[in-house]
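Undergrad: Sharing start39.tsv, TSV, N, CA and C atoms:
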```tsv
chain	number	residue	atom	x	y	z
A	1	HIS	N	-6.97	26.67	-13.74
A	1	HIS	CA	-8.12	26.66	-14.63
A	1	HIS	C	-7.68	26.20	-16.01
A	2	ASP	N	-8.46	25.33	-16.60
A	2	ASP	CA	-8.20	24.93	-17.96
A	2	ASP	C	-8.91	25.90	-18.90
A	3	ILE	N	-8.24	26.24	-19.95
A	3	ILE	CA	-8.82	27.14	-20.95
A	3	ILE	C	-8.85	26.39	-22.27
A	4	PHE	N	-10.03	26.31	-22.83
A	4	PHE	CA	-10.22	25.65	-24.11
A	4	PHE	C	-10.72	26.69	-25.10
A	5	LEU	N	-9.98	26.88	-26.17
A	5	LEU	CA	-10.37	27.82	-27.21
A	5	LEU	C	-10.72	27.02	-28.46
A	6	PRO	N	-12.01	26.81	-28.68
A	6	PRO	CA	-12.38	26.04	-29.86
A	6	PRO	C	-12.13	26.84	-31.13
A	7	THR	N	-11.85	26.14	-32.18
A	7	THR	CA	-11.71	26.78	-33.48
A	7	THR	C	-13.06	26.66	-34.19
A	8	ILE	N	-13.62	27.79	-34.51
A	8	ILE	CA	-14.90	27.80	-35.20
A	8	ILE	C	-14.69	28.48	-36.55
A	9	GLU	N	-15.08	27.79	-37.57
A	9	GLU	CA	-14.98	28.38	-38.90
A	9	GLU	C	-16.24	29.19	-39.17
A	10	ASN	N	-16.06	30.46	-39.44
A	10	ASN	CA	-17.20	31.32	-39.73
A	10	ASN	C	-17.80	30.97	-41.08
A	11	LYS	N	-19.11	31.03	-41.12
A	11	LYS	CA	-19.84	30.85	-42.37
A	11	LYS	C	-20.47	32.19	-42.72
A	12	ASP	N	-20.88	32.37	-43.93
A	12	ASP	CA	-21.43	33.64	-44.39
A	12	ASP	C	-22.59	34.15	-43.52
A	13	GLY	N	-23.43	33.26	-43.04
A	13	GLY	CA	-24.59	33.68	-42.26
A	13	GLY	C	-24.35	33.83	-40.77
A	14	ASP	N	-23.12	33.61	-40.31
A	14	ASP	CA	-22.82	33.70	-38.88
A	14	ASP	C	-22.75	35.16	-38.44
A	15	ASP	N	-23.33	35.42	-37.28
A	15	ASP	CA	-23.26	36.76	-36.69
A	15	ASP	C	-22.81	36.64	-35.25
A	16	TYR	N	-21.83	37.45	-34.85
A	16	TYR	CA	-21.30	37.42	-33.49
A	16	TYR	C	-22.40	37.65	-32.46
A	17	VAL	N	-23.40	38.42	-32.83
A	17	VAL	CA	-24.50	38.72	-31.91
A	17	VAL	C	-25.16	37.44	-31.42
A	18	ASP	N	-25.40	36.50	-32.31
A	18	ASP	CA	-26.06	35.24	-31.94
A	18	ASP	C	-25.21	34.43	-30.97
A	19	TYR	N	-23.91	34.40	-31.19
A	19	TYR	CA	-23.02	33.66	-30.29
A	19	TYR	C	-23.00	34.31	-28.91
A	20	ALA	N	-22.93	35.63	-28.87
A	20	ALA	CA	-22.92	36.33	-27.58
A	20	ALA	C	-24.21	36.08	-26.82
A	21	ILE	N	-25.34	36.21	-27.49
A	21	ILE	CA	-26.63	36.00	-26.84
A	21	ILE	C	-26.73	34.59	-26.28
A	22	ASN	N	-26.25	33.61	-27.04
A	22	ASN	CA	-26.28	32.22	-26.60
A	22	ASN	C	-25.51	32.05	-25.28
A	23	VAL	N	-24.33	32.65	-25.18
A	23	VAL	CA	-23.52	32.55	-23.96
A	23	VAL	C	-24.16	33.33	-22.82
A	24	LEU	N	-24.55	34.56	-23.08
A	24	LEU	CA	-25.04	35.45	-22.02
A	24	LEU	C	-26.37	34.99	-21.44
A	25	ASN	N	-27.21	34.35	-22.24
A	25	ASN	CA	-28.48	33.83	-21.74
A	25	ASN	C	-28.28	32.67	-20.76
A	26	LYS	N	-27.15	31.98	-20.86
A	26	LYS	CA	-26.87	30.84	-19.99
A	26	LYS	C	-26.06	31.22	-18.76
A	27	MET	N	-25.57	32.43	-18.73
A	27	MET	CA	-24.65	32.87	-17.70
A	27	MET	C	-25.38	33.25	-16.42
A	28	ASP	N	-24.84	32.83	-15.27
A	28	ASP	CA	-25.29	33.32	-13.97
A	28	ASP	C	-24.48	34.59	-13.70
A	29	LYS	N	-25.11	35.73	-13.85
A	29	LYS	CA	-24.39	37.01	-13.79
A	29	LYS	C	-23.76	37.28	-12.43
A	30	GLU	N	-24.20	36.59	-11.38
A	30	GLU	CA	-23.63	36.76	-10.04
A	30	GLU	C	-22.41	35.88	-9.79
A	31	LYS	N	-22.30	34.77	-10.51
A	31	LYS	CA	-21.25	33.79	-10.21
A	31	LYS	C	-20.29	33.52	-11.36
A	32	ASP	N	-20.78	33.59	-12.58
A	32	ASP	CA	-19.98	33.19	-13.73
A	32	ASP	C	-19.19	34.34	-14.32
A	33	ILE	N	-18.20	33.98	-15.11
A	33	ILE	CA	-17.55	34.93	-16.00
A	33	ILE	C	-17.72	34.38	-17.41
A	34	ALA	N	-17.72	35.28	-18.37
A	34	ALA	CA	-17.83	34.87	-19.77
A	34	ALA	C	-16.68	35.49	-20.55
A	35	VAL	N	-16.26	34.79	-21.57
A	35	VAL	CA	-15.25	35.29	-22.49
A	35	VAL	C	-15.84	35.18	-23.88
A	36	LEU	N	-15.96	36.32	-24.53
A	36	LEU	CA	-16.55	36.39	-25.86
A	36	LEU	C	-15.46	36.80	-26.85
A	37	ILE	N	-15.34	36.06	-27.93
A	37	ILE	CA	-14.29	36.34	-28.91
A	37	ILE	C	-14.92	36.47	-30.29
A	38	CYS	N	-14.59	37.57	-30.95
A	38	CYS	CA	-14.97	37.75	-32.35
A	38	CYS	C	-13.75	38.33	-33.05
A	39	GLY	N	-13.92	38.90	-34.20
A	39	GLY	CA	-12.78	39.42	-34.96
A	39	GLY	C	-11.91	40.38	-34.16
A	40	ASN	N	-12.53	41.43	-33.59
A	40	ASN	CA	-11.75	42.39	-32.81
A	40	ASN	C	-12.33	42.63	-31.41
A	41	GLY	N	-13.44	42.01	-31.06
A	41	GLY	CA	-14.01	42.12	-29.72
A	41	GLY	C	-14.98	43.26	-29.52
A	42	ILE	N	-15.02	44.21	-30.43
A	42	ILE	CA	-15.86	45.39	-30.25
A	42	ILE	C	-17.34	45.04	-30.29
A	43	GLY	N	-17.76	44.31	-31.29
A	43	GLY	CA	-19.17	43.95	-31.41
A	43	GLY	C	-19.65	43.13	-30.22
A	44	MET	N	-18.83	42.19	-29.77
A	44	MET	CA	-19.19	41.37	-28.62
A	44	MET	C	-19.39	42.24	-27.38
A	45	SER	N	-18.51	43.22	-27.18
A	45	SER	CA	-18.64	44.08	-26.00
A	45	SER	C	-19.91	44.91	-26.06
A	46	ILE	N	-20.27	45.35	-27.24
A	46	ILE	CA	-21.49	46.17	-27.37
A	46	ILE	C	-22.73	45.36	-27.01
A	47	ILE	N	-22.88	44.17	-27.56
A	47	ILE	CA	-24.06	43.36	-27.26
A	47	ILE	C	-24.04	42.93	-25.79
A	48	ALA	N	-22.89	42.56	-25.27
A	48	ALA	CA	-22.81	42.10	-23.87
A	48	ALA	C	-23.25	43.19	-22.91
A	49	ASN	N	-22.86	44.42	-23.16
A	49	ASN	CA	-23.19	45.50	-22.23
A	49	ASN	C	-24.65	45.95	-22.33
A	50	LYS	N	-25.42	45.34	-23.21
A	50	LYS	CA	-26.87	45.57	-23.26
A	50	LYS	C	-27.59	44.74	-22.19
A	51	TYR	N	-26.90	43.74	-21.65
A	51	TYR	CA	-27.50	42.82	-20.68
A	51	TYR	C	-27.39	43.37	-19.26
A	52	LYS	N	-28.49	43.34	-18.54
A	52	LYS	CA	-28.49	43.70	-17.14
A	52	LYS	C	-27.59	42.72	-16.39
A	53	GLY	N	-26.73	43.24	-15.54
A	53	GLY	CA	-25.85	42.39	-14.75
A	53	GLY	C	-24.54	42.07	-15.40
A	54	ILE	N	-24.34	42.50	-16.63
A	54	ILE	CA	-23.08	42.26	-17.33
A	54	ILE	C	-22.25	43.54	-17.32
A	55	ARG	N	-21.00	43.38	-16.93
A	55	ARG	CA	-20.02	44.46	-17.06
A	55	ARG	C	-18.89	43.88	-17.91
A	56	CYS	N	-18.98	44.18	-19.20
A	56	CYS	CA	-18.07	43.61	-20.18
A	56	CYS	C	-17.00	44.63	-20.56
A	57	ALA	N	-15.77	44.16	-20.61
A	57	ALA	CA	-14.66	45.01	-21.03
A	57	ALA	C	-13.99	44.38	-22.24
A	58	ARG	N	-13.77	45.19	-23.24
A	58	ARG	CA	-12.99	44.75	-24.39
A	58	ARG	C	-11.55	45.11	-24.08
A	59	VAL	N	-10.70	44.11	-23.97
A	59	VAL	CA	-9.31	44.35	-23.57
A	59	VAL	C	-8.35	43.76	-24.61
A	60	VAL	N	-7.13	44.28	-24.59
A	60	VAL	CA	-6.11	43.79	-25.52
A	60	VAL	C	-4.81	43.43	-24.81
A	61	SER	N	-4.81	43.46	-23.47
A	61	SER	CA	-3.59	43.15	-22.73
A	61	SER	C	-3.92	42.59	-21.35
A	62	LYS	N	-2.91	41.98	-20.73
A	62	LYS	CA	-3.08	41.47	-19.38
A	62	LYS	C	-3.34	42.61	-18.40
A	63	ILE	N	-2.67	43.74	-18.58
A	63	ILE	CA	-2.86	44.90	-17.69
A	63	ILE	C	-4.31	45.38	-17.75
A	64	GLU	N	-4.88	45.43	-18.94
A	64	GLU	CA	-6.27	45.84	-19.07
A	64	GLU	C	-7.21	44.80	-18.47
A	65	ALA	N	-6.87	43.52	-18.58
A	65	ALA	CA	-7.71	42.47	-17.98
A	65	ALA	C	-7.75	42.61	-16.47
A	66	ILE	N	-6.61	42.93	-15.87
A	66	ILE	CA	-6.56	43.13	-14.42
A	66	ILE	C	-7.41	44.33	-14.03
A	67	ALA	N	-7.24	45.45	-14.71
A	67	ALA	CA	-8.01	46.65	-14.39
A	67	ALA	C	-9.50	46.43	-14.59
A	68	ALA	N	-9.86	45.72	-15.64
A	68	ALA	CA	-11.28	45.48	-15.93
A	68	ALA	C	-11.96	44.78	-14.75
A	69	LYS	N	-11.30	43.80	-14.20
A	69	LYS	CA	-11.92	43.02	-13.12
A	69	LYS	C	-11.69	43.67	-11.75
A	70	GLU	N	-10.45	44.06	-11.46
A	70	GLU	CA	-10.09	44.58	-10.14
A	70	GLU	C	-10.64	45.98	-9.88
A	71	HIS	N	-10.74	46.79	-10.90
A	71	HIS	CA	-11.21	48.17	-10.73
A	71	HIS	C	-12.68	48.34	-11.11
A	72	ASN	N	-13.15	47.56	-12.10
A	72	ASN	CA	-14.48	47.79	-12.65
A	72	ASN	C	-15.44	46.63	-12.45
A	73	GLY	N	-15.00	45.59	-11.80
A	73	GLY	CA	-15.87	44.46	-11.52
A	73	GLY	C	-16.38	43.76	-12.77
A	74	ALA	N	-15.60	43.77	-13.84
A	74	ALA	CA	-16.03	43.12	-15.07
A	74	ALA	C	-16.25	41.64	-14.83
A	75	ASN	N	-17.35	41.13	-15.36
A	75	ASN	CA	-17.62	39.69	-15.28
A	75	ASN	C	-17.62	39.06	-16.66
A	76	THR	N	-17.30	39.86	-17.67
A	76	THR	CA	-17.25	39.37	-19.04
A	76	THR	C	-16.12	40.06	-19.78
A	77	LEU	N	-15.40	39.29	-20.57
A	77	LEU	CA	-14.34	39.82	-21.42
A	77	LEU	C	-14.77	39.71	-22.87
A	78	ALA	N	-14.45	40.71	-23.64
A	78	ALA	CA	-14.61	40.65	-25.09
A	78	ALA	C	-13.22	40.79	-25.69
A	79	LEU	N	-12.86	39.84	-26.50
A	79	LEU	CA	-11.52	39.79	-27.07
A	79	LEU	C	-11.57	39.64	-28.58
A	80	GLY	N	-10.52	40.10	-29.21
A	80	GLY	CA	-10.39	39.95	-30.65
A	80	GLY	C	-9.52	38.77	-31.01
A	81	ALA	N	-10.02	37.92	-31.89
A	81	ALA	CA	-9.24	36.76	-32.34
A	81	ALA	C	-7.94	37.20	-32.99
A	82	GLU	N	-7.91	38.42	-33.48
A	82	GLU	CA	-6.71	38.96	-34.13
A	82	GLU	C	-5.50	39.01	-33.19
A	83	LEU	N	-5.73	38.90	-31.87
A	83	LEU	CA	-4.63	38.94	-30.91
A	83	LEU	C	-3.78	37.68	-30.95
A	84	GLY	N	-4.34	36.60	-31.45
A	84	GLY	CA	-3.61	35.34	-31.52
A	84	GLY	C	-3.86	34.48	-30.28
A	85	VAL	N	-3.77	33.18	-30.47
A	85	VAL	CA	-4.14	32.23	-29.42
A	85	VAL	C	-3.31	32.41	-28.16
A	86	ASN	N	-2.01	32.54	-28.26
A	86	ASN	CA	-1.16	32.65	-27.07
A	86	ASN	C	-1.52	33.88	-26.25
A	87	THR	N	-1.70	35.01	-26.88
A	87	THR	CA	-2.07	36.24	-26.17
A	87	THR	C	-3.46	36.10	-25.56
A	88	LEU	N	-4.39	35.51	-26.30
A	88	LEU	CA	-5.73	35.30	-25.76
A	88	LEU	C	-5.68	34.46	-24.49
A	89	ILE	N	-4.93	33.39	-24.51
A	89	ILE	CA	-4.82	32.52	-23.33
A	89	ILE	C	-4.22	33.27	-22.16
A	90	GLU	N	-3.19	34.07	-22.40
A	90	GLU	CA	-2.57	34.85	-21.32
A	90	GLU	C	-3.56	35.84	-20.71
A	91	ILE	N	-4.32	36.52	-21.55
A	91	ILE	CA	-5.30	37.50	-21.07
A	91	ILE	C	-6.40	36.81	-20.28
A	92	ILE	N	-6.92	35.72	-20.81
A	92	ILE	CA	-8.01	35.00	-20.14
A	92	ILE	C	-7.53	34.45	-18.80
A	93	ASP	N	-6.36	33.86	-18.77
A	93	ASP	CA	-5.80	33.32	-17.53
A	93	ASP	C	-5.63	34.42	-16.49
A	94	THR	N	-5.13	35.57	-16.90
A	94	THR	CA	-4.96	36.70	-16.00
A	94	THR	C	-6.31	37.16	-15.46
A	95	PHE	N	-7.30	37.26	-16.32
A	95	PHE	CA	-8.64	37.69	-15.91
A	95	PHE	C	-9.22	36.72	-14.88
A	96	ILE	N	-9.10	35.44	-15.13
A	96	ILE	CA	-9.63	34.42	-14.21
A	96	ILE	C	-8.97	34.54	-12.84
A	97	LYS	N	-7.67	34.76	-12.81
A	97	LYS	CA	-6.92	34.81	-11.55
A	97	LYS	C	-7.09	36.12	-10.79
A	98	THR	N	-7.56	37.16	-11.45
A	98	THR	CA	-7.72	38.46	-10.81
A	98	THR	C	-9.00	38.48	-9.99
A	99	GLU	N	-8.93	39.09	-8.82
A	99	GLU	CA	-10.09	39.17	-7.94
A	99	GLU	C	-10.94	40.39	-8.27
A	100	MET	N	-12.20	40.30	-7.86
A	100	MET	CA	-13.12	41.42	-8.02
A	100	MET	C	-12.67	42.58	-7.12
A	101	PRO	N	-13.24	43.76	-7.31
A	101	PRO	CA	-12.79	44.94	-6.54
A	101	PRO	C	-12.82	44.71	-5.04
A	102	LYS	N	-11.73	45.11	-4.40
A	102	LYS	CA	-11.64	45.05	-2.94
A	102	LYS	C	-11.54	46.45	-2.36
A	103	GLU	N	-10.88	47.35	-3.08
A	103	GLU	CA	-10.73	48.72	-2.59
A	103	GLU	C	-12.09	49.41	-2.59
A	104	GLU	N	-12.33	50.19	-1.55
A	104	GLU	CA	-13.62	50.86	-1.37
A	104	GLU	C	-13.98	51.74	-2.56
A	105	ARG	N	-13.02	52.49	-3.09
A	105	ARG	CA	-13.32	53.40	-4.20
A	105	ARG	C	-13.78	52.64	-5.45
A	106	HIS	N	-13.18	51.49	-5.70
A	106	HIS	CA	-13.59	50.70	-6.87
A	106	HIS	C	-14.97	50.07	-6.64
A	107	GLN	N	-15.18	49.53	-5.45
A	107	GLN	CA	-16.48	48.92	-5.14
A	107	GLN	C	-17.59	49.97	-5.16
A	108	ARG	N	-17.29	51.16	-4.68
A	108	ARG	CA	-18.27	52.26	-4.71
A	108	ARG	C	-18.70	52.56	-6.15
A	109	ARG	N	-17.77	52.58	-7.04
A	109	ARG	CA	-18.08	52.87	-8.44
A	109	ARG	C	-18.88	51.75	-9.08
A	110	VAL	N	-18.51	50.50	-8.81
A	110	VAL	CA	-19.26	49.36	-9.34
A	110	VAL	C	-20.69	49.40	-8.79
A	111	ASN	N	-20.84	49.72	-7.51
A	111	ASN	CA	-22.18	49.80	-6.92
A	111	ASN	C	-23.02	50.87	-7.60
A	112	LYS	N	-22.41	51.98	-7.99
A	112	LYS	CA	-23.15	53.03	-8.71
A	112	LYS	C	-23.61	52.51	-10.07
A	113	ILE	N	-22.77	51.74	-10.74
A	113	ILE	CA	-23.16	51.16	-12.03
A	113	ILE	C	-24.36	50.24	-11.84
A	114	ILE	N	-24.30	49.41	-10.81
A	114	ILE	CA	-25.39	48.47	-10.53
A	114	ILE	C	-26.67	49.23	-10.21
A	115	LYS	N	-26.57	50.26	-9.38
A	115	LYS	CA	-27.75	51.06	-9.02
A	115	LYS	C	-28.32	51.78	-10.24
A	116	TYR	N	-27.45	52.27	-11.12
A	116	TYR	CA	-27.94	52.92	-12.35
A	116	TYR	C	-28.72	51.94	-13.18
A	117	GLU	N	-28.17	50.75	-13.30
A	117	GLU	CA	-28.83	49.69	-14.08
A	117	GLU	C	-30.21	49.35	-13.50
A	118	GLU	N	-30.32	49.43	-12.19
A	118	GLU	CA	-31.58	49.14	-11.51
A	118	GLU	C	-32.52	50.34	-11.51
A	119	GLY	N	-32.05	51.48	-11.99
A	119	GLY	CA	-32.88	52.68	-12.04
A	119	GLY	C	-32.94	53.46	-10.75
A	120	THR	N	-31.99	53.21	-9.84
A	120	THR	CA	-32.03	53.89	-8.55
A	120	THR	C	-30.89	54.90	-8.37
A	121	TYR	N	-30.14	55.16	-9.42
A	121	TYR	CA	-29.05	56.14	-9.35
A	121	TYR	C	-29.01	56.90	-10.67
A	122	ASN	N	-28.97	58.21	-10.56
A	122	ASN	CA	-28.96	59.04	-11.77
A	122	ASN	C	-27.80	60.02	-11.82
A	123	GLY	N	-26.72	59.70	-11.14
A	123	GLY	CA	-25.54	60.55	-11.20
A	123	GLY	C	-25.62	61.71	-10.24
A	124	LEU	N	-24.78	62.68	-10.45
A	124	LEU	CA	-24.69	63.84	-9.56
A	124	LEU	C	-25.92	64.71	-9.62
```
Show me this structure written as structure tokens.
TA:
Amino acid sequence: HDIFLPTIENKDGDDYVDYAINVLNKMDKEKDIAVLICGNGIGMSIIANKYKGIRCARVVSKIEAIAAKEHNGANTLALGAELGVNTLIEIIDTFIKTEMPKEERHQRRVNKIIKYEEGTYNGL
């Protein structure tokens, strides 16, 4: 997979929320993955997780990227630009190469999240 990280110069009126919405509105939540980058990734993760069908994880390492996708079925990453380009590329590459949950216990948990989102699961 090729990874392209554009350099965007922030202007005073720029808000991470607008960039996230632009990406998430175009995303096929069943097939695509998204990578959202802002200063530290926190704001991007908050807006992303407001979207039905998005399971966004804010991660800071390759180990967290693997767990986000393999254990939690994350289809979106939120990252902080503060990590630096080389680390960002390593994390994104790891996330892309990691498979969605295969173990029953992980898939069961992801299914509960999906059912909750659909209003058909309310916990214990």
Undergrad: Please provide as a PyMOL selection string all residues within 7 Å of region 45-61 of chain A, with the sequence filter that same-chain residues fewer than 6 positions apart are discarded (counting all atoms listed in the file).
TA: chain A and resi 17+20+29-30+68+72-80+90-91+117
Undergrad: Would you compute the distance between atom C of Pro101 (chain A) and atom C of Glu70 (chain A)? Give it in Å to one decimal.
TA: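 Between these atoms lies a distance of 5.5 Å.
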Undergrad: Could you pull out the strand (DSSP E or B) residues of chain A from DSSP and send them as a ChimeraX atom specification?
TA: /A:34-38,56-58,76-80
Undergrad: What's the separation between atom C of Val23 (chain A) and atom N of Ile42 (chain A), in Å to one decimal place?
TA: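 Separation of atom C of Val23 (chain A) and atom N of Ile42 (chain A): 16.1 Å.
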Undergrad: Could you check how far atom C of Asp18 (chain A) sits from atom N of Gly41 (chain A), in Å to one decimal?
TA: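 Going from atom C of Asp18 (chain A) over to atom N of Gly41 (chain A), I get 14.0 Å.
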Undergrad: Would you mind telling me which residue in A:Tyr16, A:Lys11, A:Ala67, A:Leu124 lies nearest to Gly43 (chain A) when using only N, CA and C atoms?
TA: A:Tyr16
Undergrad: Which polymer residues have any atom within 8 Å of an atom of Glu103 (chain A), counting all atoms listed in the file, with same-chain residues fewer than 5 positions away left out, as an MDAnalysis selection string?
TA: chainID A and resid 70:71 108:109
